[in-house]
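Engineer: Before I ask anything, here is the structure I am working with.
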Amino acid sequence: MIIAIGGGEVSQNQTYEIDKFIVGSSKKENPNFLFIPTASKDAEPYIKTISKLYEGLGCKTDTLYLSTIEVNKEEINQKIEKADIIYVGGGNTAYMMEVWKQYSVDKALIKAYTSGKVLAGLSAGSICWFIAGHSDSEFIEDVESPKHKWVNGLGIIPYLHCPHYDEPERAGFDEFFTGQVTDAIAIENQVAVVWENNELKVIKANNRKNAYRLSWSDTGLNKEVLY
């Protein structure tokens, strides 16, 4: 199972109902929870926030550091294999995917999916499960004349993806998506899509927000609300 969260502040005010669903999906009383904060370059305040929240939900938490601590592939595989829930944090998607390839984390996560672990994530941690996502990595890195770009994910969920779909800087996604052959899943903040048994369903921490499936045909852009 994969729970891909469009965005929102990780807190009891914004994503909490989704976070509870993630923990419940493990079907374990005290699941082993692994946080992968690569996209934020292992930002400690983020790690503390996630760890505190999920410890409060009964998890035994651990973190997979890849940016700030020297690690070996054996350690990485052990942490991933031990986890019942693996949660990928937000940040720079392009940077994250490069680091994952370096350490073969991409392969380990695909294996984790096939072995039935609960996988989750927000923003960059949502994009990573799809074929490719609408990424703001150039804005995060403060490059000259930044623009949104496609960044390839692991391809487990067979769609393109846009997180934070209700934020102003994502308003151009519909045009960005013009003419694509593959459909896209666009998710607003405080909403998640659950990918299980090759089907999508939607869960919400805010009932006023939605997720959408976008496709192109001879008549132009088609958009439908997902439930």
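Ordering of the structure tokens sets the chain letters (A, B, ...); residue numbers start at 1 within each chain; ligands are numbered from 1 in the order shown.
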Please identify every residue of region 81-133 of chain A that has at least one atom no farther than 10 Å from an atom of region 19-26 of chain A, counting only C-alpha atoms, and for each give the shortest atom pair and the distance in Å to one decimal, arranged by chain then increasing number, as CSV.
Structural biologist:
```
residue,atom,partner,partner_atom,distance
A:Asp84,CA,A:Ser26,CA,6.4
A:Ile85,CA,A:Ser26,CA,6.7
A:Ile86,CA,A:Ile22,CA,9.7
A:Tyr87,CA,A:Ile22,CA,9.2
A:Gly116,CA,A:Ser26,CA,9.5
A:Lys117,CA,A:Ser26,CA,7.6
A:Val118,CA,A:Ser26,CA,6.2
A:Leu119,CA,A:Ile22,CA,8.4
A:Ala120,CA,A:Ile22,CA,7.4
A:Gly121,CA,A:Ile22,CA,9.8
```
Engineer: Would you kindly return, as a list in words, each protein, DNA or RNA residue with an atom no farther than 6 Å from any atom of Thr61 (chain A), considering only C-alpha atoms and excluding same-chain residues fewer than 2 positions away?
Structural biologist: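 Counting only the stated atoms, we get Phe33, Leu34 and Cys59 of chain A.
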Engineer: Mind checking which residues fall within 10 Å of Gly220 (chain A), counting only C-alpha atoms, ignoring those fewer than 3 positions away in the same chain, and posting them as a ChimeraX atom specification?
Structural biologist: /A:178-179,215-217,223
Engineer: Output C-alpha atoms for every residue in that selection, as an mmCIF file, in the first residue's frame.
Structural biologist:
```
data_model
loop_
_atom_site.group_PDB
_atom_site.id
_atom_site.type_symbol
_atom_site.label_atom_id
_atom_site.label_comp_id
_atom_site.auth_asym_id
_atom_site.auth_seq_id
_atom_site.Cartn_x
_atom_site.Cartn_y
_atom_site.Cartn_z
ATOM 1 C CA THR A 178 -0.707 19.721 -22.009
ATOM 2 C CA GLY A 179 -0.708 16.837 -24.490
ATOM 3 C CA SER A 215 -6.232 13.367 -18.968
ATOM 4 C CA TRP A 216 -5.967 14.714 -22.504
ATOM 5 C CA SER A 217 -8.198 13.812 -25.438
ATOM 6 C CA LYS A 223 -10.539 16.626 -15.126
#
```
Engineer: When you look at region 173-176 of chain A with a cut-off of 10 Å (counting only C-alpha atoms), what residues show up, excluding the ones that are within fewer than 5 positions of it in the same chain? I need them as JSON, numbers by chain.
Structural biologist: {"A": [134, 148, 149, 150, 161, 162, 163, 165, 184, 186, 214, 215, 221, 222, 223]}
Engineer: Check which residues of region 38-157 of chain A sit at most 8 Å from region 7-18 of chain A using only C-alpha atoms, and return one row each with the closest pair of atoms and their distance in Å to one decimal, ordered by chain and rising number, as JSON lines.
Structural biologist:
```
{"residue": "A:Thr49", "atom": "CA", "partner": "A:Val10", "partner_atom": "CA", "distance": 7.6}
{"residue": "A:Ile50", "atom": "CA", "partner": "A:Val10", "partner_atom": "CA", "distance": 7.2}
{"residue": "A:Leu53", "atom": "CA", "partner": "A:Ser11", "partner_atom": "CA", "distance": 7.3}
{"residue": "A:Leu122", "atom": "CA", "partner": "A:Gly7", "partner_atom": "CA", "distance": 5.6}
{"residue": "A:Ser123", "atom": "CA", "partner": "A:Gly7", "partner_atom": "CA", "distance": 5.5}
```
Engineer: Compile the contact shell of Gly89 (chain A) as a list in words: residues with an atom at most 7 Å away, counting only C-alpha atoms, same-chain residues fewer than 4 positions apart removed.
Structural biologist: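 The filter keeps Ile36, Pro37, Ala39, Gly121, Leu122, Ala124 and Gly125 of chain A.
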Engineer: Limited to N, CA, C and O atoms, could you put the picked residues into a file as a JSON list (two decimals), in the first residue's frame?
Structural biologist:
```json
[["chain", "number", "residue", "atom", "x", "y", "z"],
["A", 36, "ILE", "N", 12.40, 8.88, 5.94],
["A", 36, "ILE", "CA", 13.48, 9.14, 4.99],
["A", 36, "ILE", "C", 13.43, 10.62, 4.59],
["A", 36, "ILE", "O", 12.61, 11.01, 3.75],
["A", 37, "PRO", "N", 14.28, 11.45, 5.21],
["A", 37, "PRO", "CA", 14.22, 12.91, 4.98],
["A", 37, "PRO", "C", 15.22, 13.41, 3.94],
["A", 37, "PRO", "O", 15.68, 14.55, 4.01],
["A", 39, "ALA", "N", 15.03, 14.46, 0.87],
["A", 39, "ALA", "CA", 14.67, 15.63, 0.08],
["A", 39, "ALA", "C", 14.91, 16.94, 0.83],
["A", 39, "ALA", "O", 15.12, 17.98, 0.21],
["A", 121, "GLY", "N", 4.25, 9.30, 2.06],
["A", 121, "GLY", "CA", 5.09, 10.48, 1.91],
["A", 121, "GLY", "C", 4.29, 11.68, 1.48],
["A", 121, "GLY", "O", 3.13, 11.57, 1.06],
["A", 122, "LEU", "N", 4.92, 12.85, 1.59],
["A", 122, "LEU", "CA", 4.26, 14.12, 1.33],
["A", 122, "LEU", "C", 5.12, 14.95, 0.37],
["A", 122, "LEU", "O", 6.34, 15.02, 0.54],
["A", 124, "ALA", "N", 7.51, 15.91, -2.21],
["A", 124, "ALA", "CA", 8.53, 15.08, -2.87],
["A", 124, "ALA", "C", 8.33, 13.61, -2.51],
["A", 124, "ALA", "O", 8.55, 12.71, -3.32],
["A", 125, "GLY", "N", 7.90, 13.40, -1.25],
["A", 125, "GLY", "CA", 7.63, 12.04, -0.78],
["A", 125, "GLY", "C", 6.36, 11.45, -1.34],
["A", 125, "GLY", "O", 6.05, 10.28, -1.11]]
```
